[in-house]
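Colleague: My structure is below; once you've seen it, I'll send some questions.
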Amino acid sequence: MMKVRGIGARARQGERGGSVLVVALLVVVGVAMLGACLVQFSASMTRNQMQAVDNKRAFYLAEAGLSEALLGLRMGKSGNVGSVGMPARLGDGILWVEALGTPDRRIVLKSNGLCGGGRASLSIVVERRSESTAALGIFSDGDLVVKSGSVIDAYDSTAPEPEELVAGFGGLIGVPPPPPPIATRVGSNGNIDVQGTTRLTTRIAGDVTPGPDGVVTSGVGVTITGSTAPRMEPIALPEITVPKLDSKGDLIHKSLTPRTVYAGENRYDSMIVGAGAQVIISGPQILVVGSMVLDDTARLTIDTALGSVEIHATEYLNFGLGSTVTTVLEDPSKVRFLISASQAVDRDGDGVVDPPVTINSTGKMYATLYAPMAPIALGNSLELFGAITASSLSLSQGAKLHFDEALLSDDGAGAGNVQLLSWRIIPLPDVPLASLRIDPLVALRLQGTVLTKPADSHQLIDFAIEFADLEGRTRTFIGEETQFNWTQVQTVVTTTRRGDVNFDAVVDAP
Amino acid sequence: MTRRLTSARARAGFTLLEVLIAITILGMIAANVVMVTRSSSKAYESGASLSTLDIQLDNTMDRIAMALMAARKESLTPNNPSPLWTDFLIFDQSQGFEGGMEVIGDLERIELVPGPEQIVWKQRPGALDERRVVWTNWVRELFKDEIDNGIDDDLNGLTDEAGLSFTIDGSRVTIRLTLERDGPEHSILKRTQETTVTCRN
């Protein structure tokens, strides 16, 4: 009886049991759905924010690519960093930069940065501007006067001697072709007066270029082998930056025993070399002097065997009659006179103002002289090999100047400057890596691509081509031939490859 | 005895007391569930609104910054150094070089348009073919905690600057932006961002 009652009771409870479970299940499902919606919403917000973060990172990667490419250009590389097939890796993203030459001899750098789902493309236009003042050759900011009997020509201090050329051919039959003639550069921002007579002829082997509003006047007995057309724009002479060094006082040397100014950085308020005395300046050295005076017959020897010498004269420079300035090496790029003196002052108390620069030395001098604020009258006793720039320049009768063409590529001032002209954001390139918004590192890993860092991804220059593209525009490309897209070529103007005779000249051309 | 028990069980149900207790317990549970749901809902709305506001602020600031980065610094107008500020900027951008000459793009203007405050970008402002795009509608009238009282309330060197303001220092432009929108239960949500960009051209 008891058992029957128990079974019945449990059976009636069982019939009523389970309804709470249904309700509980409904509540749990509802809450779970709410939770799922919240998770989805959070995930969506997170994705949006990650996309924004990835876009910013891609932008900075593109900027890093531009910086790397600019550095490469300054180091003489092509400006190409990585490629679309083998980009460079930086952090969690990749980048590559294409460098394209333009008909007006500028370079367009297009940098692409990819990080996660973020993409960015930037473009800059740069121009190589030589900071080399020596490249100006014989230059005057004002008028330039060349008196009769003068000779201004050019040479290349790095060219091998003719005997070396023949020996290099190993005695083969035949003589190597003569090198192309080297042209000097004579220019000004004003007028140029080249004087000559039938007895004292003047010869200038190269171009004579006056300022935009200037003219070249020449008389009988004058031979100019190059152009005399005026330049389009005046040349702005850069200011001289004088190194800030502590002064060691005055250096006055009048003894007949040579005195050496040892290598390093030195500054003197004045340097005076007495008559017959000798001072040797050893390179590598930066020497700053307030005034530099070589008395008559004084000797200044510049020893550049171990390095170049840069001499700054900030107030006054006077090389007396018969003084000599000699260099151990006949390389003008190793000796630079940077003269920031500009004031004409009566220094000897005779009531006559003395010009800031006076050069009456004799002999041969291998150097570049840059005096943008001082007029210079160069005598005929000094034969200058190198280059000279002054605020106004007068070459006396019988002057001899030889411009060193090697200064065009190395004037001792360091690498050429690359100037930024324009910066802008451009559309993404039409390549799968950019258009598919997947992590590029994952995509490239699947392809088995090994990525290097940007500094190791600079593309070599082994190929140069000038061509007309499909739209008829003339363009140039300098870089690795494997990176060149031949499908954009309509007609080829010129091509050259590493190893060709003219390759270096084409690549180094401004 | 057995017959009486059996008929009692056949008529079994809930007593009033049991029902009252069950209802009370259910009510308490329901109330708790409603409270939790309501607070979760409020938190969700607030979070969603703030998140949307943050995204809008980031996007707007990025657009302004990108436009100014590509601007030519000599074209920036007006050129207001701190403590002067402006709520609009006119500029143009370099588009590269063509045929040896720099190509300059159309004039552009970014400004704060009042009532209700909007940030509007215009290309060729004032021209017949002017293009305009509204970048955001949620701009606060004044920046951050500023009150229109002639005092630099937020101690940033500027007085009563607008919700969008620019100050220029050479080629560097400082952009200050405050967005504000209504939140749940009549609350006000506010977000502020300040950044400085350099004109690259």
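Chain identifiers are assigned as A, B, and so on, following the order in which chains appear in the structure tokens; residues are numbered from 1 within each chain, and ligands are numbered from 1 in order of appearance.
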For chain B, work out the contacting residues on chain A at 7 Å, counting only C-alpha atoms, and write them as a ChimeraX atom specification.
Modeller: /A:104,125,422-424
Colleague: Those same residues - N, CA and C atoms - I'd like them written as a PDB file, in the first residue's frame.
Modeller:
```
ATOM      1  N   ASP A 104      61.848  66.016 -67.351  1.00  0.00           N
ATOM      2  CA  ASP A 104      62.559  67.205 -66.873  1.00  0.00           C
ATOM      3  C   ASP A 104      63.595  66.843 -65.813  1.00  0.00           C
ATOM      4  N   VAL A 125      58.002  64.078 -55.487  1.00  0.00           N
ATOM      5  CA  VAL A 125      58.855  64.421 -56.623  1.00  0.00           C
ATOM      6  C   VAL A 125      60.099  65.067 -56.048  1.00  0.00           C
ATOM      7  N   SER A 422      57.592  68.023 -54.098  1.00  0.00           N
ATOM      8  CA  SER A 422      56.145  67.849 -54.011  1.00  0.00           C
ATOM      9  C   SER A 422      55.851  66.556 -53.265  1.00  0.00           C
ATOM     10  N   TRP A 423      54.774  66.572 -52.475  1.00  0.00           N
ATOM     11  CA  TRP A 423      54.347  65.383 -51.706  1.00  0.00           C
ATOM     12  C   TRP A 423      52.849  65.258 -51.867  1.00  0.00           C
ATOM     13  N   ARG A 424      52.356  64.063 -52.103  1.00  0.00           N
ATOM     14  CA  ARG A 424      50.905  63.909 -52.170  1.00  0.00           C
ATOM     15  C   ARG A 424      50.509  62.459 -51.943  1.00  0.00           C
TER      16      ARG A 424
END
```
Colleague: Write out as a VMD selection string the set of residues from chain B that DSSP, computed on the backbone, places in strand (DSSP E).
Modeller: chain B and resid 88 to 91 94 to 98 101 to 104 108 to 113 118 to 123 131 to 136 164 to 169 172 to 182 188 to 198
Colleague: Please identify all polymer residues within 6 Å of range 335-340 of chain A, counting only C-alpha atoms, omitting same-chain residues fewer than 2 positions from it, and present them as a list of chain:residue names.
Modeller: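 In the requested format, the answer is A:Ser308, A:Val309, A:Glu310, A:Ile311, A:His312, A:Ala313, A:Thr314, A:Pro332, A:Ser333, A:Ala367, A:Thr368, A:Leu369, A:Tyr370, A:Ala371.
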Colleague: Keeping N, CA and C atoms for every residue in the selection just given, could you write it to a file as a PDB file, in the first residue's frame?
Modeller:
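Final output, part00.pdb:
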```pdb
ATOM      1  N   SER A 308      91.456  65.581 -46.998  1.00  0.00           N
ATOM      2  CA  SER A 308      91.220  66.904 -47.586  1.00  0.00           C
ATOM      3  C   SER A 308      91.349  68.003 -46.539  1.00  0.00           C
ATOM      4  N   VAL A 309      91.491  69.207 -47.019  1.00  0.00           N
ATOM      5  CA  VAL A 309      91.642  70.377 -46.156  1.00  0.00           C
ATOM      6  C   VAL A 309      90.611  71.409 -46.566  1.00  0.00           C
ATOM      7  N   GLU A 310      89.924  71.925 -45.564  1.00  0.00           N
ATOM      8  CA  GLU A 310      88.898  72.948 -45.797  1.00  0.00           C
ATOM      9  C   GLU A 310      89.305  74.169 -44.984  1.00  0.00           C
ATOM     10  N   ILE A 311      89.513  75.288 -45.659  1.00  0.00           N
ATOM     11  CA  ILE A 311      89.986  76.510 -44.977  1.00  0.00           C
ATOM     12  C   ILE A 311      88.903  77.569 -45.058  1.00  0.00           C
ATOM     13  N   HIS A 312      88.461  78.063 -43.909  1.00  0.00           N
ATOM     14  CA  HIS A 312      87.476  79.137 -43.829  1.00  0.00           C
ATOM     15  C   HIS A 312      88.180  80.430 -43.456  1.00  0.00           C
ATOM     16  N   ALA A 313      87.992  81.467 -44.289  1.00  0.00           N
ATOM     17  CA  ALA A 313      88.516  82.789 -43.937  1.00  0.00           C
ATOM     18  C   ALA A 313      87.321  83.693 -43.747  1.00  0.00           C
ATOM     19  N   THR A 314      87.113  84.139 -42.527  1.00  0.00           N
ATOM     20  CA  THR A 314      85.863  84.838 -42.239  1.00  0.00           C
ATOM     21  C   THR A 314      85.952  86.346 -42.387  1.00  0.00           C
ATOM     22  N   PRO A 332      92.232  69.251 -57.008  1.00  0.00           N
ATOM     23  CA  PRO A 332      91.541  70.436 -56.485  1.00  0.00           C
ATOM     24  C   PRO A 332      90.404  70.093 -55.529  1.00  0.00           C
ATOM     25  N   SER A 333      89.846  68.905 -55.649  1.00  0.00           N
ATOM     26  CA  SER A 333      88.714  68.577 -54.763  1.00  0.00           C
ATOM     27  C   SER A 333      89.161  68.414 -53.324  1.00  0.00           C
ATOM     28  N   ALA A 367      93.105  74.014 -56.249  1.00  0.00           N
ATOM     29  CA  ALA A 367      92.132  74.256 -55.177  1.00  0.00           C
ATOM     30  C   ALA A 367      90.836  74.791 -55.772  1.00  0.00           C
ATOM     31  N   THR A 368      89.790  74.794 -54.929  1.00  0.00           N
ATOM     32  CA  THR A 368      88.560  75.498 -55.293  1.00  0.00           C
ATOM     33  C   THR A 368      88.424  76.670 -54.335  1.00  0.00           C
ATOM     34  N   LEU A 369      88.092  77.825 -54.895  1.00  0.00           N
ATOM     35  CA  LEU A 369      87.903  79.023 -54.092  1.00  0.00           C
ATOM     36  C   LEU A 369      86.456  79.460 -54.197  1.00  0.00           C
ATOM     37  N   TYR A 370      85.830  79.688 -53.044  1.00  0.00           N
ATOM     38  CA  TYR A 370      84.420  80.091 -53.035  1.00  0.00           C
ATOM     39  C   TYR A 370      84.291  81.315 -52.148  1.00  0.00           C
ATOM     40  N   ALA A 371      84.025  82.465 -52.764  1.00  0.00           N
ATOM     41  CA  ALA A 371      83.919  83.726 -52.020  1.00  0.00           C
ATOM     42  C   ALA A 371      82.677  84.461 -52.509  1.00  0.00           C
TER      43      ALA A 371
END
```
Colleague: Env of Thr192 in chain B: 7 Å cut, atoms = only C-alpha atoms, seq-sep filter 4 positions within chain, self excluded. Answer as a list in words.
Modeller: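 Residues meeting the cut-off are Lys144, Leu177, Thr178 and Leu179 of chain B.
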Colleague: Near range 168-173 of chain B, within 7 Å and counting only C-alpha atoms, which residues show up once chain neighbours fewer than 5 positions away are dropped, as a list in words?
Modeller: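 The contact residues come out as Lys73, Asn79, Asn80, Pro81, Ser82, Thr196, Val197, Thr198 and Cys199 of chain B.
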Colleague: When DSSP is applied to the backbone of this structure, which of range 236-450 of chain A are assigned helix (DSSP H, G or I)? Write them out as a PDB file with all heavy atoms, in the first residue's frame.
Modeller:
```pdb
ATOM      1  N   PRO A 332      92.232  69.251 -57.008  1.00  0.00           N
ATOM      2  CA  PRO A 332      91.541  70.436 -56.485  1.00  0.00           C
ATOM      3  C   PRO A 332      90.404  70.093 -55.529  1.00  0.00           C
ATOM      4  O   PRO A 332      90.054  70.906 -54.680  1.00  0.00           O
ATOM      5  CB  PRO A 332      90.981  71.102 -57.752  1.00  0.00           C
ATOM      6  CG  PRO A 332      91.768  70.556 -58.872  1.00  0.00           C
ATOM      7  CD  PRO A 332      92.174  69.183 -58.471  1.00  0.00           C
ATOM      8  N   SER A 333      89.846  68.905 -55.649  1.00  0.00           N
ATOM      9  CA  SER A 333      88.714  68.577 -54.763  1.00  0.00           C
ATOM     10  C   SER A 333      89.161  68.414 -53.324  1.00  0.00           C
ATOM     11  O   SER A 333      88.339  68.430 -52.410  1.00  0.00           O
ATOM     12  CB  SER A 333      88.021  67.292 -55.236  1.00  0.00           C
ATOM     13  OG  SER A 333      88.856  66.166 -55.037  1.00  0.00           O
ATOM     14  N   LYS A 334      90.455  68.280 -53.093  1.00  0.00           N
ATOM     15  CA  LYS A 334      90.942  68.052 -51.730  1.00  0.00           C
ATOM     16  C   LYS A 334      91.221  69.362 -50.991  1.00  0.00           C
ATOM     17  O   LYS A 334      91.464  69.363 -49.783  1.00  0.00           O
ATOM     18  CB  LYS A 334      92.257  67.251 -51.772  1.00  0.00           C
ATOM     19  CG  LYS A 334      92.118  65.882 -52.387  1.00  0.00           C
ATOM     20  CD  LYS A 334      91.620  64.904 -51.382  1.00  0.00           C
ATOM     21  CE  LYS A 334      91.702  63.498 -51.921  1.00  0.00           C
ATOM     22  NZ  LYS A 334      90.455  62.815 -51.892  1.00  0.00           N
ATOM     23  N   GLU A 405      87.110  69.084 -64.503  1.00  0.00           N
ATOM     24  CA  GLU A 405      85.793  68.504 -64.723  1.00  0.00           C
ATOM     25  C   GLU A 405      85.445  67.448 -63.676  1.00  0.00           C
ATOM     26  O   GLU A 405      84.275  67.157 -63.443  1.00  0.00           O
ATOM     27  CB  GLU A 405      85.729  67.875 -66.112  1.00  0.00           C
ATOM     28  CG  GLU A 405      84.303  67.727 -66.611  1.00  0.00           C
ATOM     29  CD  GLU A 405      84.220  67.038 -67.945  1.00  0.00           C
ATOM     30  OE1 GLU A 405      84.710  65.908 -68.058  1.00  0.00           O
ATOM     31  OE2 GLU A 405      83.679  67.645 -68.869  1.00  0.00           O
ATOM     32  N   ALA A 406      86.479  66.884 -63.018  1.00  0.00           N
ATOM     33  CA  ALA A 406      86.203  65.878 -61.979  1.00  0.00           C
ATOM     34  C   ALA A 406      85.452  66.482 -60.810  1.00  0.00           C
ATOM     35  O   ALA A 406      84.814  65.764 -60.040  1.00  0.00           O
ATOM     36  CB  ALA A 406      87.524  65.275 -61.482  1.00  0.00           C
ATOM     37  N   LEU A 407      85.472  67.816 -60.678  1.00  0.00           N
ATOM     38  CA  LEU A 407      84.739  68.470 -59.591  1.00  0.00           C
ATOM     39  C   LEU A 407      83.237  68.338 -59.776  1.00  0.00           C
ATOM     40  O   LEU A 407      82.475  68.525 -58.832  1.00  0.00           O
ATOM     41  CB  LEU A 407      85.113  69.958 -59.517  1.00  0.00           C
ATOM     42  CG  LEU A 407      86.549  70.257 -59.086  1.00  0.00           C
ATOM     43  CD1 LEU A 407      86.862  71.735 -59.273  1.00  0.00           C
ATOM     44  CD2 LEU A 407      86.774  69.856 -57.641  1.00  0.00           C
ATOM     45  N   LEU A 408      82.798  68.029 -60.993  1.00  0.00           N
ATOM     46  CA  LEU A 408      81.357  67.876 -61.213  1.00  0.00           C
ATOM     47  C   LEU A 408      80.803  66.702 -60.438  1.00  0.00           C
ATOM     48  O   LEU A 408      79.670  66.722 -59.982  1.00  0.00           O
ATOM     49  CB  LEU A 408      81.078  67.686 -62.711  1.00  0.00           C
ATOM     50  CG  LEU A 408      81.371  68.890 -63.599  1.00  0.00           C
ATOM     51  CD1 LEU A 408      81.161  68.530 -65.056  1.00  0.00           C
ATOM     52  CD2 LEU A 408      80.467  70.050 -63.209  1.00  0.00           C
ATOM     53  N   PRO A 432      47.237  42.812 -57.001  1.00  0.00           N
ATOM     54  CA  PRO A 432      46.435  41.992 -56.080  1.00  0.00           C
ATOM     55  C   PRO A 432      46.817  42.202 -54.620  1.00  0.00           C
ATOM     56  O   PRO A 432      45.956  42.215 -53.738  1.00  0.00           O
ATOM     57  CB  PRO A 432      46.762  40.557 -56.529  1.00  0.00           C
ATOM     58  CG  PRO A 432      47.181  40.690 -57.945  1.00  0.00           C
ATOM     59  CD  PRO A 432      47.854  42.012 -58.061  1.00  0.00           C
ATOM     60  N   LEU A 433      48.096  42.386 -54.342  1.00  0.00           N
ATOM     61  CA  LEU A 433      48.532  42.545 -52.953  1.00  0.00           C
ATOM     62  C   LEU A 433      47.877  43.757 -52.306  1.00  0.00           C
ATOM     63  O   LEU A 433      47.573  43.761 -51.118  1.00  0.00           O
ATOM     64  CB  LEU A 433      50.061  42.673 -52.921  1.00  0.00           C
ATOM     65  CG  LEU A 433      50.781  42.320 -51.622  1.00  0.00           C
ATOM     66  CD1 LEU A 433      50.454  40.912 -51.178  1.00  0.00           C
ATOM     67  CD2 LEU A 433      52.292  42.470 -51.805  1.00  0.00           C
ATOM     68  N   ALA A 434      47.633  44.788 -53.094  1.00  0.00           N
ATOM     69  CA  ALA A 434      47.035  46.011 -52.537  1.00  0.00           C
ATOM     70  C   ALA A 434      45.519  45.936 -52.528  1.00  0.00           C
ATOM     71  O   ALA A 434      44.866  46.415 -51.598  1.00  0.00           O
ATOM     72  CB  ALA A 434      47.494  47.235 -53.341  1.00  0.00           C
ATOM     73  N   SER A 435      44.938  45.315 -53.555  1.00  0.00           N
ATOM     74  CA  SER A 435      43.475  45.340 -53.649  1.00  0.00           C
ATOM     75  C   SER A 435      42.823  44.299 -52.739  1.00  0.00           C
ATOM     76  O   SER A 435      41.716  44.507 -52.257  1.00  0.00           O
ATOM     77  CB  SER A 435      43.015  45.181 -55.090  1.00  0.00           C
ATOM     78  OG  SER A 435      43.772  44.211 -55.742  1.00  0.00           O
ATOM     79  N   PRO A 440      49.194  41.135 -45.695  1.00  0.00           N
ATOM     80  CA  PRO A 440      50.168  40.841 -46.742  1.00  0.00           C
ATOM     81  C   PRO A 440      51.253  39.872 -46.284  1.00  0.00           C
ATOM     82  O   PRO A 440      51.783  39.109 -47.080  1.00  0.00           O
ATOM     83  CB  PRO A 440      50.766  42.219 -47.056  1.00  0.00           C
ATOM     84  CG  PRO A 440      50.500  43.045 -45.851  1.00  0.00           C
ATOM     85  CD  PRO A 440      49.233  42.533 -45.275  1.00  0.00           C
ATOM     86  N   LEU A 441      51.556  39.896 -44.989  1.00  0.00           N
ATOM     87  CA  LEU A 441      52.587  38.969 -44.502  1.00  0.00           C
ATOM     88  C   LEU A 441      52.099  37.536 -44.665  1.00  0.00           C
ATOM     89  O   LEU A 441      52.882  36.639 -45.019  1.00  0.00           O
ATOM     90  CB  LEU A 441      52.915  39.260 -43.041  1.00  0.00           C
ATOM     91  CG  LEU A 441      53.651  40.579 -42.777  1.00  0.00           C
ATOM     92  CD1 LEU A 441      53.883  40.770 -41.287  1.00  0.00           C
ATOM     93  CD2 LEU A 441      54.973  40.611 -43.518  1.00  0.00           C
ATOM     94  N   VAL A 442      50.815  37.302 -44.416  1.00  0.00           N
ATOM     95  CA  VAL A 442      50.262  35.958 -44.570  1.00  0.00           C
ATOM     96  C   VAL A 442      50.293  35.564 -46.043  1.00  0.00           C
ATOM     97  O   VAL A 442      50.696  34.462 -46.396  1.00  0.00           O
ATOM     98  CB  VAL A 442      48.819  35.918 -44.015  1.00  0.00           C
ATOM     99  CG1 VAL A 442      48.147  34.609 -44.360  1.00  0.00           C
ATOM    100  CG2 VAL A 442      48.833  36.124 -42.504  1.00  0.00           C
ATOM    101  N   ALA A 443      49.877  36.488 -46.891  1.00  0.00           N
ATOM    102  CA  ALA A 443      49.835  36.187 -48.328  1.00  0.00           C
ATOM    103  C   ALA A 443      51.227  35.867 -48.857  1.00  0.00           C
ATOM    104  O   ALA A 443      51.415  34.928 -49.632  1.00  0.00           O
ATOM    105  CB  ALA A 443      49.238  37.372 -49.081  1.00  0.00           C
ATOM    106  N   LEU A 444      52.201  36.645 -48.441  1.00  0.00           N
ATOM    107  CA  LEU A 444      53.555  36.431 -48.951  1.00  0.00           C
ATOM    108  C   LEU A 444      54.175  35.169 -48.349  1.00  0.00           C
ATOM    109  O   LEU A 444      54.968  34.485 -49.007  1.00  0.00           O
ATOM    110  CB  LEU A 444      54.421  37.653 -48.649  1.00  0.00           C
ATOM    111  CG  LEU A 444      54.056  38.894 -49.459  1.00  0.00           C
ATOM    112  CD1 LEU A 444      54.744  40.120 -48.909  1.00  0.00           C
ATOM    113  CD2 LEU A 444      54.415  38.708 -50.924  1.00  0.00           C
ATOM    114  N   ARG A 445      53.803  34.865 -47.105  1.00  0.00           N
ATOM    115  CA  ARG A 445      54.342  33.636 -46.494  1.00  0.00           C
ATOM    116  C   ARG A 445      53.833  32.423 -47.244  1.00  0.00           C
ATOM    117  O   ARG A 445      54.550  31.457 -47.456  1.00  0.00           O
ATOM    118  CB  ARG A 445      53.937  33.565 -45.014  1.00  0.00           C
ATOM    119  CG  ARG A 445      54.800  32.585 -44.211  1.00  0.00           C
ATOM    120  CD  ARG A 445      54.417  32.512 -42.757  1.00  0.00           C
ATOM    121  NE  ARG A 445      54.360  33.828 -42.140  1.00  0.00           N
ATOM    122  CZ  ARG A 445      53.320  34.292 -41.451  1.00  0.00           C
ATOM    123  NH1 ARG A 445      52.266  33.542 -41.252  1.00  0.00           N
ATOM    124  NH2 ARG A 445      53.336  35.495 -40.919  1.00  0.00           N
ATOM    125  N   LEU A 446      52.576  32.497 -47.672  1.00  0.00           N
ATOM    126  CA  LEU A 446      52.015  31.386 -48.430  1.00  0.00           C
ATOM    127  C   LEU A 446      52.753  31.200 -49.750  1.00  0.00           C
ATOM    128  O   LEU A 446      52.831  30.093 -50.276  1.00  0.00           O
ATOM    129  CB  LEU A 446      50.520  31.627 -48.688  1.00  0.00           C
ATOM    130  CG  LEU A 446      49.617  31.535 -47.459  1.00  0.00           C
ATOM    131  CD1 LEU A 446      48.196  31.966 -47.808  1.00  0.00           C
ATOM    132  CD2 LEU A 446      49.620  30.133 -46.873  1.00  0.00           C
ATOM    133  N   GLN A 447      53.256  32.314 -50.304  1.00  0.00           N
ATOM    134  CA  GLN A 447      53.993  32.207 -51.561  1.00  0.00           C
ATOM    135  C   GLN A 447      55.435  31.802 -51.335  1.00  0.00           C
ATOM    136  O   GLN A 447      56.177  31.623 -52.302  1.00  0.00           O
ATOM    137  CB  GLN A 447      53.981  33.570 -52.282  1.00  0.00           C
ATOM    138  CG  GLN A 447      52.606  34.003 -52.748  1.00  0.00           C
ATOM    139  CD  GLN A 447      52.620  35.429 -53.264  1.00  0.00           C
ATOM    140  OE1 GLN A 447      53.674  35.995 -53.533  1.00  0.00           O
ATOM    141  NE2 GLN A 447      51.446  36.018 -53.394  1.00  0.00           N
TER     142      GLN A 447
END
```
Colleague: Nearest to Gln285 in chain A: which of A:Gly398, A:Pro454, A:Gly249, A:Pro243 is it, counting only C-alpha atoms?
Modeller: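 With only C-alpha atoms as the atom set, the closest residue is A:Pro243.
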